[in-house]
file target_20.cif (mmCIF, C-alpha atoms)
data_query
#
loop_
_atom_site.group_PDB
_atom_site.id
_atom_site.type_symbol
_atom_site.label_atom_id
_atom_site.label_comp_id
_atom_site.auth_asym_id
_atom_site.auth_seq_id
_atom_site.Cartn_x
_atom_site.Cartn_y
_atom_site.Cartn_z
ATOM 1 C CA MET A 1 9.242 24.067 -6.019
ATOM 2 C CA ILE A 2 12.358 23.245 -4.002
ATOM 3 C CA PHE A 3 11.705 21.606 -0.610
ATOM 4 C CA GLY A 4 14.681 20.729 1.556
ATOM 5 C CA GLY A 5 16.963 20.897 -1.490
ATOM 6 C CA PHE A 6 14.844 18.532 -3.592
ATOM 7 C CA SER A 7 12.618 19.079 -6.560
ATOM 8 C CA LEU A 8 8.957 18.653 -5.712
ATOM 9 C CA GLY A 9 6.162 18.697 -8.167
ATOM 10 C CA VAL A 10 2.846 17.301 -9.155
ATOM 11 C CA ARG A 11 2.459 15.242 -12.194
ATOM 12 C CA LEU A 12 -0.463 13.077 -13.135
ATOM 13 C CA TYR A 13 1.178 10.281 -15.043
ATOM 14 C CA SER A 14 0.759 6.848 -16.485
ATOM 15 C CA GLN A 15 3.116 4.124 -15.323
ATOM 16 C CA SER A 16 4.863 3.965 -18.714
ATOM 17 C CA GLU A 17 5.783 7.685 -18.610
ATOM 18 C CA ILE A 18 8.366 7.389 -15.855
ATOM 19 C CA GLU A 19 11.775 6.991 -17.484
ATOM 20 C CA GLY A 20 15.131 8.719 -17.282
ATOM 21 C CA ILE A 21 14.498 10.608 -14.079
ATOM 22 C CA GLY A 22 17.937 12.183 -13.919
ATOM 23 C CA SER A 23 20.185 12.837 -10.959
ATOM 24 C CA MET A 24 17.948 15.078 -8.825
ATOM 25 C CA ALA A 25 15.611 13.251 -6.467
ATOM 26 C CA GLN A 26 11.941 13.854 -7.176
ATOM 27 C CA MET A 27 8.705 13.543 -5.253
ATOM 28 C CA VAL A 28 5.616 13.092 -7.405
ATOM 29 C CA VAL A 29 1.967 12.444 -6.712
ATOM 30 C CA GLY A 30 -0.649 10.498 -8.589
ATOM 31 C CA GLU A 31 -3.837 8.562 -8.135
ATOM 32 C CA GLY A 32 -3.797 4.864 -8.884
ATOM 33 C CA ASP A 33 -3.357 1.249 -7.852
ATOM 34 C CA ILE A 34 -0.123 0.944 -5.857
ATOM 35 C CA THR A 35 0.075 -2.790 -6.602
ATOM 36 C CA ARG A 36 0.737 -2.025 -10.270
ATOM 37 C CA PHE A 37 3.605 0.430 -9.786
ATOM 38 C CA GLN A 38 6.875 -0.669 -11.356
ATOM 39 C CA VAL A 39 9.164 0.622 -8.650
ATOM 40 C CA ASP A 40 11.823 -1.007 -6.507
ATOM 41 C CA ALA A 41 9.606 -0.896 -3.410
ATOM 42 C CA ILE A 42 6.013 -0.243 -2.508
ATOM 43 C CA VAL A 43 4.900 0.551 1.007
ATOM 44 C CA ASN A 44 2.074 -1.415 2.571
ATOM 45 C CA ALA A 45 -0.088 0.378 5.144
ATOM 46 C CA ALA A 46 -0.127 -2.744 7.303
ATOM 47 C CA ASN A 47 -1.599 -3.750 10.627
ATOM 48 C CA ALA A 48 0.651 -4.946 13.458
ATOM 49 C CA SER A 49 0.159 -8.639 12.640
ATOM 50 C CA LEU A 50 1.403 -8.115 9.037
ATOM 51 C CA LEU A 51 -1.013 -10.889 8.050
ATOM 52 C CA GLY A 52 -3.194 -8.864 5.699
ATOM 53 C CA GLY A 53 -6.351 -6.876 6.176
ATOM 54 C CA GLY A 54 -8.546 -4.491 4.242
ATOM 55 C CA GLY A 55 -7.784 -1.559 1.987
ATOM 56 C CA VAL A 56 -4.240 -1.206 0.628
ATOM 57 C CA ASP A 57 -3.017 -4.040 2.874
ATOM 58 C CA GLY A 58 -5.514 -6.547 1.479
ATOM 59 C CA ALA A 59 -4.925 -5.424 -2.101
ATOM 60 C CA ILE A 60 -1.156 -5.883 -1.756
ATOM 61 C CA HIS A 61 -1.539 -9.340 -0.209
ATOM 62 C CA ARG A 62 -3.937 -10.434 -2.980
ATOM 63 C CA ALA A 63 -1.696 -9.102 -5.764
ATOM 64 C CA ALA A 64 1.535 -10.549 -4.303
ATOM 65 C CA GLY A 65 0.091 -14.028 -3.817
ATOM 66 C CA PRO A 66 0.241 -16.475 -0.895
ATOM 67 C CA GLU A 67 4.038 -16.260 -0.702
ATOM 68 C CA LEU A 68 3.690 -12.789 0.845
ATOM 69 C CA LEU A 69 1.593 -14.084 3.718
ATOM 70 C CA ALA A 70 4.119 -16.863 4.351
ATOM 71 C CA ALA A 71 6.968 -14.320 4.430
ATOM 72 C CA CYS A 72 5.009 -12.029 6.763
ATOM 73 C CA GLU A 73 4.279 -14.880 9.168
ATOM 74 C CA LYS A 74 8.035 -15.333 9.617
ATOM 75 C CA LEU A 75 8.418 -11.657 10.616
ATOM 76 C CA LYS A 76 6.293 -12.176 13.765
ATOM 77 C CA GLY A 77 4.485 -8.853 13.472
ATOM 78 C CA CYS A 78 5.675 -5.265 13.600
ATOM 79 C CA ALA A 79 5.419 -2.452 16.150
ATOM 80 C CA THR A 80 3.485 0.729 15.436
ATOM 81 C CA GLY A 81 5.837 3.281 13.885
ATOM 82 C CA ASP A 82 8.140 0.613 12.474
ATOM 83 C CA ALA A 83 8.413 -1.102 9.098
ATOM 84 C CA LYS A 84 9.715 -4.451 7.875
ATOM 85 C CA ALA A 85 10.624 -5.685 4.396
ATOM 86 C CA THR A 86 9.610 -8.702 2.359
ATOM 87 C CA PRO A 87 10.124 -9.550 -1.311
ATOM 88 C CA GLY A 88 7.353 -8.411 -3.670
ATOM 89 C CA PHE A 89 6.755 -11.909 -5.048
ATOM 90 C CA ARG A 90 4.117 -11.538 -7.815
ATOM 91 C CA LEU A 91 4.100 -7.722 -7.657
ATOM 92 C CA PRO A 92 6.053 -5.608 -10.160
ATOM 93 C CA ALA A 93 7.941 -4.157 -7.156
ATOM 94 C CA LYS A 94 10.978 -6.069 -5.860
ATOM 95 C CA TRP A 95 10.191 -5.198 -2.256
ATOM 96 C CA VAL A 96 7.233 -4.514 0.011
ATOM 97 C CA PHE A 97 7.931 -2.376 3.068
ATOM 98 C CA HIS A 98 5.186 -3.091 5.615
ATOM 99 C CA ALA A 99 4.686 0.056 7.722
ATOM 100 C CA VAL A 100 2.400 0.006 10.755
ATOM 101 C CA GLY A 101 0.909 3.446 11.206
ATOM 102 C CA PRO A 102 -0.863 4.721 14.300
ATOM 103 C CA VAL A 103 -4.598 4.712 14.900
ATOM 104 C CA TRP A 104 -5.734 8.321 15.356
ATOM 105 C CA GLN A 105 -6.785 8.875 18.973
ATOM 106 C CA GLY A 106 -7.124 12.638 18.968
ATOM 107 C CA GLY A 107 -3.476 13.583 18.526
ATOM 108 C CA GLY A 108 -2.315 13.401 22.123
ATOM 109 C CA ARG A 109 -0.792 9.924 22.066
ATOM 110 C CA GLY A 110 2.260 10.492 19.896
ATOM 111 C CA GLU A 111 0.458 9.795 16.639
ATOM 112 C CA ASP A 112 2.449 12.395 14.665
ATOM 113 C CA GLU A 113 5.790 10.965 15.797
ATOM 114 C CA LEU A 114 4.693 7.381 15.119
ATOM 115 C CA LEU A 115 3.526 8.265 11.618
ATOM 116 C CA ALA A 116 6.776 10.120 10.871
ATOM 117 C CA SER A 117 8.659 7.072 12.134
ATOM 118 C CA CYS A 118 6.867 4.879 9.549
ATOM 119 C CA TYR A 119 8.035 7.074 6.689
ATOM 120 C CA ARG A 120 11.563 7.363 8.128
ATOM 121 C CA ARG A 121 11.852 3.575 8.556
ATOM 122 C CA CYS A 122 10.717 3.006 4.969
ATOM 123 C CA MET A 123 13.385 5.386 3.694
ATOM 124 C CA GLU A 124 15.963 3.528 5.811
ATOM 125 C CA LEU A 125 14.757 0.218 4.362
ATOM 126 C CA ALA A 126 15.096 1.716 0.881
ATOM 127 C CA ARG A 127 18.748 2.441 1.610
ATOM 128 C CA GLU A 128 19.334 -1.045 3.064
ATOM 129 C CA HIS A 129 17.710 -2.756 0.070
ATOM 130 C CA LYS A 130 19.185 -0.366 -2.538
ATOM 131 C CA ALA A 131 15.735 0.721 -3.695
ATOM 132 C CA THR A 132 15.996 3.833 -5.862
ATOM 133 C CA SER A 133 12.260 4.217 -6.420
ATOM 134 C CA ILE A 134 9.486 3.855 -3.862
ATOM 135 C CA ALA A 135 5.695 4.281 -3.803
ATOM 136 C CA PHE A 136 3.848 5.272 -0.631
ATOM 137 C CA PRO A 137 0.129 5.116 0.104
ATOM 138 C CA ALA A 138 -1.386 7.614 2.550
ATOM 139 C CA ILE A 139 -0.472 5.632 5.685
ATOM 140 C CA SER A 140 -3.043 5.631 8.527
ATOM 141 C CA THR A 141 -5.597 7.818 6.714
ATOM 142 C CA GLY A 142 -8.116 5.073 5.963
ATOM 143 C CA ILE A 143 -9.633 2.973 8.700
ATOM 144 C CA TYR A 144 -7.063 4.351 11.200
ATOM 145 C CA ARG A 145 -8.669 7.821 10.712
ATOM 146 C CA PHE A 146 -5.500 9.962 10.817
ATOM 147 C CA PRO A 147 -6.490 13.416 9.467
ATOM 148 C CA ALA A 148 -5.456 13.426 5.811
ATOM 149 C CA GLU A 149 -3.988 16.943 5.716
ATOM 150 C CA SER A 150 -1.777 16.387 8.781
ATOM 151 C CA ALA A 151 -0.731 12.949 7.548
ATOM 152 C CA ALA A 152 0.290 14.328 4.149
ATOM 153 C CA ARG A 153 2.363 17.121 5.726
ATOM 154 C CA ILE A 154 4.156 14.588 7.926
ATOM 155 C CA ALA A 155 4.744 12.289 4.944
ATOM 156 C CA VAL A 156 6.196 14.990 2.682
ATOM 157 C CA ARG A 157 8.369 16.539 5.393
ATOM 158 C CA THR A 158 9.746 13.219 6.660
ATOM 159 C CA VAL A 159 10.469 11.803 3.213
ATOM 160 C CA ALA A 160 12.144 15.060 2.109
ATOM 161 C CA ASP A 161 14.293 15.051 5.265
ATOM 162 C CA HIS A 162 15.541 11.509 4.516
ATOM 163 C CA LEU A 163 15.631 11.541 0.723
ATOM 164 C CA GLU A 164 19.298 12.355 0.140
ATOM 165 C CA ARG A 165 20.786 9.748 2.464
ATOM 166 C CA SER A 166 18.330 7.051 1.311
ATOM 167 C CA GLY A 167 19.653 6.841 -2.257
ATOM 168 C CA VAL A 168 16.080 7.065 -3.585
ATOM 169 C CA SER A 169 15.764 9.046 -6.818
ATOM 170 C CA VAL A 170 11.959 9.105 -7.123
ATOM 171 C CA VAL A 171 9.216 8.932 -4.501
ATOM 172 C CA HIS A 172 5.620 8.400 -5.555
ATOM 173 C CA PHE A 173 2.782 9.401 -3.252
ATOM 174 C CA VAL A 174 -0.044 7.220 -4.524
ATOM 175 C CA CYS A 175 -3.438 8.633 -3.574
ATOM 176 C CA PHE A 176 -6.544 6.500 -3.303
ATOM 177 C CA ASN A 177 -9.119 9.257 -3.817
ATOM 178 C CA PRO A 178 -9.415 12.746 -5.329
ATOM 179 C CA GLU A 179 -9.469 14.419 -1.896
ATOM 180 C CA THR A 180 -6.108 12.953 -0.898
ATOM 181 C CA LEU A 181 -4.719 13.776 -4.335
ATOM 182 C CA ALA A 182 -5.799 17.417 -3.877
ATOM 183 C CA ILE A 183 -4.012 17.627 -0.507
ATOM 184 C CA TYR A 184 -0.722 16.265 -1.865
ATOM 185 C CA THR A 185 -1.069 18.489 -4.929
ATOM 186 C CA ARG A 186 -1.354 21.596 -2.716
ATOM 187 C CA LEU A 187 1.661 20.504 -0.648
ATOM 188 C CA LEU A 188 3.946 19.543 -3.503
ATOM 189 C CA TYR A 189 2.904 22.192 -5.986
ATOM 190 C CA PRO A 190 1.515 25.211 -4.143
ATOM 191 C CA PRO A 191 -0.198 27.934 -6.206
ATOM 192 C CA SER A 192 2.626 30.395 -5.499
ATOM 193 C CA SER A 193 5.088 28.174 -7.398
ATOM 194 C CA LYS A 194 3.050 28.028 -10.612
ATOM 195 C CA LEU A 195 4.360 29.891 -13.628
ATOM 196 C CA ASN A 196 2.119 32.629 -15.072
#

call {"tool": "encode", "arguments": {"input": "target_20.cif", "output": "structure tokens"}}
result
Amino acid sequence: MIFGGFSLGVRLYSQSEIEGIGSMAQMVVGEGDITRFQVDAIVNAANASLLGGGGVDGAIHRAAGPELLAACEKLKGCATGDAKATPGFRLPAKWVFHAVGPVWQGGGRGEDELLASCYRRCMELAREHKATSIAFPAISTGIYRFPAESAARIAVRTVADHLERSGVSVVHFVCFNPETLAIYTRLLYPPSSKLN
């Protein structure tokens, strides 16, 4: 399927399968451990302190080692809707982009715009740090309770809108459960685009 001029598709893959992507930017989805992705940058669904927490945030801090916490302390936190970069330290990824997503409060407090801003800022950081591959978790859909379907639509639309100018050639949406994987699969590879 073509979305905003870019090839979108679903592919369940192993990390070793991704080689020789070609010149067209791609958005792919899979289920797995984001800390093991061999990409230029992974995105951390962080809290405003950037000092670690539960879920993806805690897993990234544990995998990167204590150097990540020291680097995050120097950043002095991050506003909701923004993102900041640190090196990946012990991670396979060169960079970690710490994005602070909104807590869902019913949808009337600018949550959609703040979530879109997280994805946009990460794509801007990718350009600044010359990252050509990036892996995103489902920002704000865990403990922050953002509805998964709405969050996925915002993620796909925002990333697609900023893909060309970012210099990124492949975007991974890394899902933490089968339900989230099914949502991204429907968005990136709708039934109408399947070949008979």

call {"tool": "atom_distance", "arguments": {"input": "target_20.cif", "atom1": "atom CA of Asp57 of chain A", "atom2": "atom CA of Leu125 of chain A"}}
result
18.3 Å

call {"tool": "closest_residue", "arguments": {"input": "target_20.cif", "among": "A:Ala48, A:Val29, A:Leu188, A:Ile134", "to": "Val100 of chain A", "atoms": "only C-alpha atoms"}}
result
A:Ala48

call {"tool": "resolve_selection", "arguments": {"input": "target_20.cif", "expression": "the PyMOL selection byres ((chain A and resi 77-83) around 12)", "output": "PDB file with C-alpha atoms, in the coordinates of the input"}}
result
ATOM      1  CA  ILE A  42       6.013  -0.243  -2.508  1.00  0.00           C
ATOM      2  CA  VAL A  43       4.900   0.551   1.007  1.00  0.00           C
ATOM      3  CA  ASN A  44       2.074  -1.415   2.571  1.00  0.00           C
ATOM      4  CA  ALA A  45      -0.088   0.378   5.144  1.00  0.00           C
ATOM      5  CA  ALA A  46      -0.127  -2.744   7.303  1.00  0.00           C
ATOM      6  CA  ASN A  47      -1.599  -3.750  10.627  1.00  0.00           C
ATOM      7  CA  ALA A  48       0.651  -4.946  13.458  1.00  0.00           C
ATOM      8  CA  SER A  49       0.159  -8.639  12.640  1.00  0.00           C
ATOM      9  CA  LEU A  50       1.403  -8.115   9.037  1.00  0.00           C
ATOM     10  CA  LEU A  51      -1.013 -10.889   8.050  1.00  0.00           C
ATOM     11  CA  GLY A  52      -3.194  -8.864   5.699  1.00  0.00           C
ATOM     12  CA  LEU A  69       1.593 -14.084   3.718  1.00  0.00           C
ATOM     13  CA  ALA A  71       6.968 -14.320   4.430  1.00  0.00           C
ATOM     14  CA  CYS A  72       5.009 -12.029   6.763  1.00  0.00           C
ATOM     15  CA  GLU A  73       4.279 -14.880   9.168  1.00  0.00           C
ATOM     16  CA  LYS A  74       8.035 -15.333   9.617  1.00  0.00           C
ATOM     17  CA  LEU A  75       8.418 -11.657  10.616  1.00  0.00           C
ATOM     18  CA  LYS A  76       6.293 -12.176  13.765  1.00  0.00           C
ATOM     19  CA  LYS A  84       9.715  -4.451   7.875  1.00  0.00           C
ATOM     20  CA  ALA A  85      10.624  -5.685   4.396  1.00  0.00           C
ATOM     21  CA  THR A  86       9.610  -8.702   2.359  1.00  0.00           C
ATOM     22  CA  VAL A  96       7.233  -4.514   0.011  1.00  0.00           C
ATOM     23  CA  PHE A  97       7.931  -2.376   3.068  1.00  0.00           C
ATOM     24  CA  HIS A  98       5.186  -3.091   5.615  1.00  0.00           C
ATOM     25  CA  ALA A  99       4.686   0.056   7.722  1.00  0.00           C
ATOM     26  CA  VAL A 100       2.400   0.006  10.755  1.00  0.00           C
ATOM     27  CA  GLY A 101       0.909   3.446  11.206  1.00  0.00           C
ATOM     28  CA  PRO A 102      -0.863   4.721  14.300  1.00  0.00           C
ATOM     29  CA  VAL A 103      -4.598   4.712  14.900  1.00  0.00           C
ATOM     30  CA  TRP A 104      -5.734   8.321  15.356  1.00  0.00           C
ATOM     31  CA  GLY A 110       2.260  10.492  19.896  1.00  0.00           C
ATOM     32  CA  GLU A 111       0.458   9.795  16.639  1.00  0.00           C
ATOM     33  CA  ASP A 112       2.449  12.395  14.665  1.00  0.00           C
ATOM     34  CA  GLU A 113       5.790  10.965  15.797  1.00  0.00           C
ATOM     35  CA  LEU A 114       4.693   7.381  15.119  1.00  0.00           C
ATOM     36  CA  LEU A 115       3.526   8.265  11.618  1.00  0.00           C
ATOM     37  CA  ALA A 116       6.776  10.120  10.871  1.00  0.00           C
ATOM     38  CA  SER A 117       8.659   7.072  12.134  1.00  0.00           C
ATOM     39  CA  CYS A 118       6.867   4.879   9.549  1.00  0.00           C
ATOM     40  CA  TYR A 119       8.035   7.074   6.689  1.00  0.00           C
ATOM     41  CA  ARG A 120      11.563   7.363   8.128  1.00  0.00           C
ATOM     42  CA  ARG A 121      11.852   3.575   8.556  1.00  0.00           C
ATOM     43  CA  CYS A 122      10.717   3.006   4.969  1.00  0.00           C
ATOM     44  CA  MET A 123      13.385   5.386   3.694  1.00  0.00           C
ATOM     45  CA  GLU A 124      15.963   3.528   5.811  1.00  0.00           C
ATOM     46  CA  LEU A 125      14.757   0.218   4.362  1.00  0.00           C
ATOM     47  CA  ALA A 126      15.096   1.716   0.881  1.00  0.00           C
ATOM     48  CA  ILE A 139      -0.472   5.632   5.685  1.00  0.00           C
ATOM     49  CA  SER A 140      -3.043   5.631   8.527  1.00  0.00           C
ATOM     50  CA  TYR A 144      -7.063   4.351  11.200  1.00  0.00           C
TER      51      TYR A 144
END

call {"tool": "resolve_selection", "arguments": {"input": "target_20.cif", "expression": "the PyMOL selection byres ((chain A and resi 165) around 10)", "output": "ChimeraX atom specification"}}
result
/A:123-124,126-127,161-164,166-168

call {"tool": "closest_residue", "arguments": {"input": "target_20.cif", "among": "A:Glu31, A:Arg62, A:Ala131, A:Gly53", "to": "Pro178 of chain A", "atoms": "only C-alpha atoms"}}
result
A:Glu31

call {"tool": "atom_distance", "arguments": {"input": "target_20.cif", "atom1": "atom CA of Val170 of chain A", "atom2": "atom CA of Ala135 of chain A"}}
result
8.6 Å

call {"tool": "closest_residue", "arguments": {"input": "target_20.cif", "among": "A:Thr185, A:Ser150, A:Gln105, A:Thr132", "to": "Ser169 of chain A", "atoms": "all atoms listed in the file"}}
result
A:Thr132

call {"tool": "resolve_selection", "arguments": {"input": "target_20.cif", "expression": "the PyMOL selection byres ((chain A and resi 32) around 9)", "output": "MDAnalysis selection string"}}
result
chainID A and resid 30:31 33:37 174:177

call {"tool": "residues_around", "arguments": {"input": "target_20.cif", "residues": "Glu149 of chain A", "least_positions_apart": "2", "cutoff": "9 Å", "atoms": "all atoms listed in the file", "output": "MDAnalysis selection string"}}
result
chainID A and resid 146:147 151:154 180 183:184

call {"tool": "write_last_selection", "arguments": {"input": "target_20.cif", "atoms": "C-alpha atoms", "output": "PDB file, keeping the file's coordinate frame"}}
result
ATOM      1  CA  PHE A 146      -5.500   9.962  10.817  1.00  0.00           C
ATOM      2  CA  PRO A 147      -6.490  13.416   9.467  1.00  0.00           C
ATOM      3  CA  ALA A 151      -0.731  12.949   7.548  1.00  0.00           C
ATOM      4  CA  ALA A 152       0.290  14.328   4.149  1.00  0.00           C
ATOM      5  CA  ARG A 153       2.363  17.121   5.726  1.00  0.00           C
ATOM      6  CA  ILE A 154       4.156  14.588   7.926  1.00  0.00           C
ATOM      7  CA  THR A 180      -6.108  12.953  -0.898  1.00  0.00           C
ATOM      8  CA  ILE A 183      -4.012  17.627  -0.507  1.00  0.00           C
ATOM      9  CA  TYR A 184      -0.722  16.265  -1.865  1.00  0.00           C
TER      10      TYR A 184
END

call {"tool": "closest_residue", "arguments": {"input": "target_20.cif", "among": "A:Gly107, A:His61, A:Thr158, A:Phe173", "to": "Arg145 of chain A", "atoms": "only C-alpha atoms"}}
result
A:Gly107

call {"tool": "closest_residue", "arguments": {"input": "target_20.cif", "among": "A:Leu68, A:Lys130, A:Pro137, A:Ala155", "to": "Gly88 of chain A", "atoms": "only C-alpha atoms"}}
result
A:Leu68

call {"tool": "decode", "arguments": {"input": "target_20.cif", "residues": "segment 97-182 of chain A", "atoms": "C-alpha atoms", "output": "mmCIF file, in the first residue's frame"}}
result
data_model
loop_
_atom_site.group_PDB
_atom_site.id
_atom_site.type_symbol
_atom_site.label_atom_id
_atom_site.label_comp_id
_atom_site.auth_asym_id
_atom_site.auth_seq_id
_atom_site.Cartn_x
_atom_site.Cartn_y
_atom_site.Cartn_z
ATOM 1 C CA PHE A 97 15.325 9.280 21.507
ATOM 2 C CA HIS A 98 13.417 9.791 24.768
ATOM 3 C CA ALA A 99 9.856 10.863 23.894
ATOM 4 C CA VAL A 100 7.448 11.964 26.617
ATOM 5 C CA GLY A 101 3.932 11.094 25.549
ATOM 6 C CA PRO A 102 0.739 12.409 27.106
ATOM 7 C CA VAL A 103 -1.306 10.701 29.791
ATOM 8 C CA TRP A 104 -4.782 10.026 28.385
ATOM 9 C CA GLN A 105 -7.319 12.258 30.140
ATOM 10 C CA GLY A 106 -10.326 11.664 27.931
ATOM 11 C CA GLY A 107 -9.102 13.349 24.759
ATOM 12 C CA GLY A 108 -10.015 16.939 25.535
ATOM 13 C CA ARG A 109 -6.631 18.148 26.761
ATOM 14 C CA GLY A 110 -4.635 18.135 23.541
ATOM 15 C CA GLU A 111 -3.514 14.535 23.888
ATOM 16 C CA ASP A 112 -3.649 13.846 20.129
ATOM 17 C CA GLU A 113 -1.476 16.863 19.312
ATOM 18 C CA LEU A 114 1.014 16.047 22.076
ATOM 19 C CA LEU A 115 1.351 12.459 20.889
ATOM 20 C CA ALA A 116 1.833 13.572 17.272
ATOM 21 C CA SER A 117 4.475 16.008 18.504
ATOM 22 C CA CYS A 118 6.433 13.108 20.073
ATOM 23 C CA TYR A 119 6.607 11.268 16.766
ATOM 24 C CA ARG A 120 7.431 14.462 14.838
ATOM 25 C CA ARG A 121 10.244 15.369 17.262
ATOM 26 C CA CYS A 122 11.734 11.881 16.959
ATOM 27 C CA MET A 123 11.776 12.174 13.175
ATOM 28 C CA GLU A 124 13.468 15.579 13.522
ATOM 29 C CA LEU A 125 16.044 14.052 15.876
ATOM 30 C CA ALA A 126 16.627 11.299 13.317
ATOM 31 C CA ARG A 127 17.497 13.951 10.747
ATOM 32 C CA GLU A 128 19.765 15.825 13.185
ATOM 33 C CA HIS A 129 21.621 12.645 14.173
ATOM 34 C CA LYS A 130 21.681 11.167 10.638
ATOM 35 C CA ALA A 131 19.728 8.101 11.737
ATOM 36 C CA THR A 132 18.466 6.190 8.704
ATOM 37 C CA SER A 133 16.640 3.511 10.680
ATOM 38 C CA ILE A 134 14.447 3.976 13.737
ATOM 39 C CA ALA A 135 12.288 1.757 15.965
ATOM 40 C CA PHE A 136 9.239 3.119 17.784
ATOM 41 C CA PRO A 137 7.252 1.545 20.608
ATOM 42 C CA ALA A 138 3.547 2.362 20.950
ATOM 43 C CA ILE A 139 4.084 5.622 22.867
ATOM 44 C CA SER A 140 1.587 6.398 25.670
ATOM 45 C CA THR A 141 -0.478 3.217 25.214
ATOM 46 C CA GLY A 142 0.732 1.421 28.338
ATOM 47 C CA ILE A 143 0.374 2.949 31.765
ATOM 48 C CA TYR A 144 -0.557 6.321 30.179
ATOM 49 C CA ARG A 145 -3.732 4.627 28.797
ATOM 50 C CA PHE A 146 -3.885 6.347 25.383
ATOM 51 C CA PRO A 147 -6.369 4.322 23.270
ATOM 52 C CA ALA A 148 -4.250 1.990 21.146
ATOM 53 C CA GLU A 149 -6.168 2.410 17.878
ATOM 54 C CA SER A 150 -6.060 6.226 17.998
ATOM 55 C CA ALA A 151 -2.409 6.206 19.047
ATOM 56 C CA ALA A 152 -1.446 3.931 16.150
ATOM 57 C CA ARG A 153 -3.274 6.124 13.612
ATOM 58 C CA ILE A 154 -1.484 9.206 14.941
ATOM 59 C CA ALA A 155 1.869 7.394 14.865
ATOM 60 C CA VAL A 156 1.529 6.147 11.280
ATOM 61 C CA ARG A 157 0.183 9.438 9.927
ATOM 62 C CA THR A 158 2.787 11.609 11.669
ATOM 63 C CA VAL A 159 5.744 9.411 10.751
ATOM 64 C CA ALA A 160 4.572 9.167 7.118
ATOM 65 C CA ASP A 161 4.196 12.964 6.961
ATOM 66 C CA HIS A 162 7.806 13.462 8.136
ATOM 67 C CA LEU A 163 9.519 10.465 6.561
ATOM 68 C CA GLU A 164 10.914 12.062 3.407
ATOM 69 C CA ARG A 165 12.560 15.073 5.033
ATOM 70 C CA SER A 166 13.943 12.986 7.926
ATOM 71 C CA GLY A 167 16.327 10.918 5.790
ATOM 72 C CA VAL A 168 15.043 7.733 7.460
ATOM 73 C CA SER A 169 14.838 4.745 5.114
ATOM 74 C CA VAL A 170 13.112 2.262 7.445
ATOM 75 C CA VAL A 171 10.762 2.777 10.385
ATOM 76 C CA HIS A 172 9.918 -0.123 12.665
ATOM 77 C CA PHE A 173 6.776 -0.041 14.783
ATOM 78 C CA VAL A 174 7.645 -2.493 17.539
ATOM 79 C CA CYS A 175 4.531 -3.867 19.222
ATOM 80 C CA PHE A 176 4.540 -5.248 22.737
ATOM 81 C CA ASN A 177 1.455 -7.458 22.440
ATOM 82 C CA PRO A 178 -0.652 -9.209 19.786
ATOM 83 C CA GLU A 179 -3.477 -6.657 20.093
ATOM 84 C CA THR A 180 -1.208 -3.732 19.235
ATOM 85 C CA LEU A 181 0.368 -5.764 16.439
ATOM 86 C CA ALA A 182 -3.108 -6.408 14.977
#
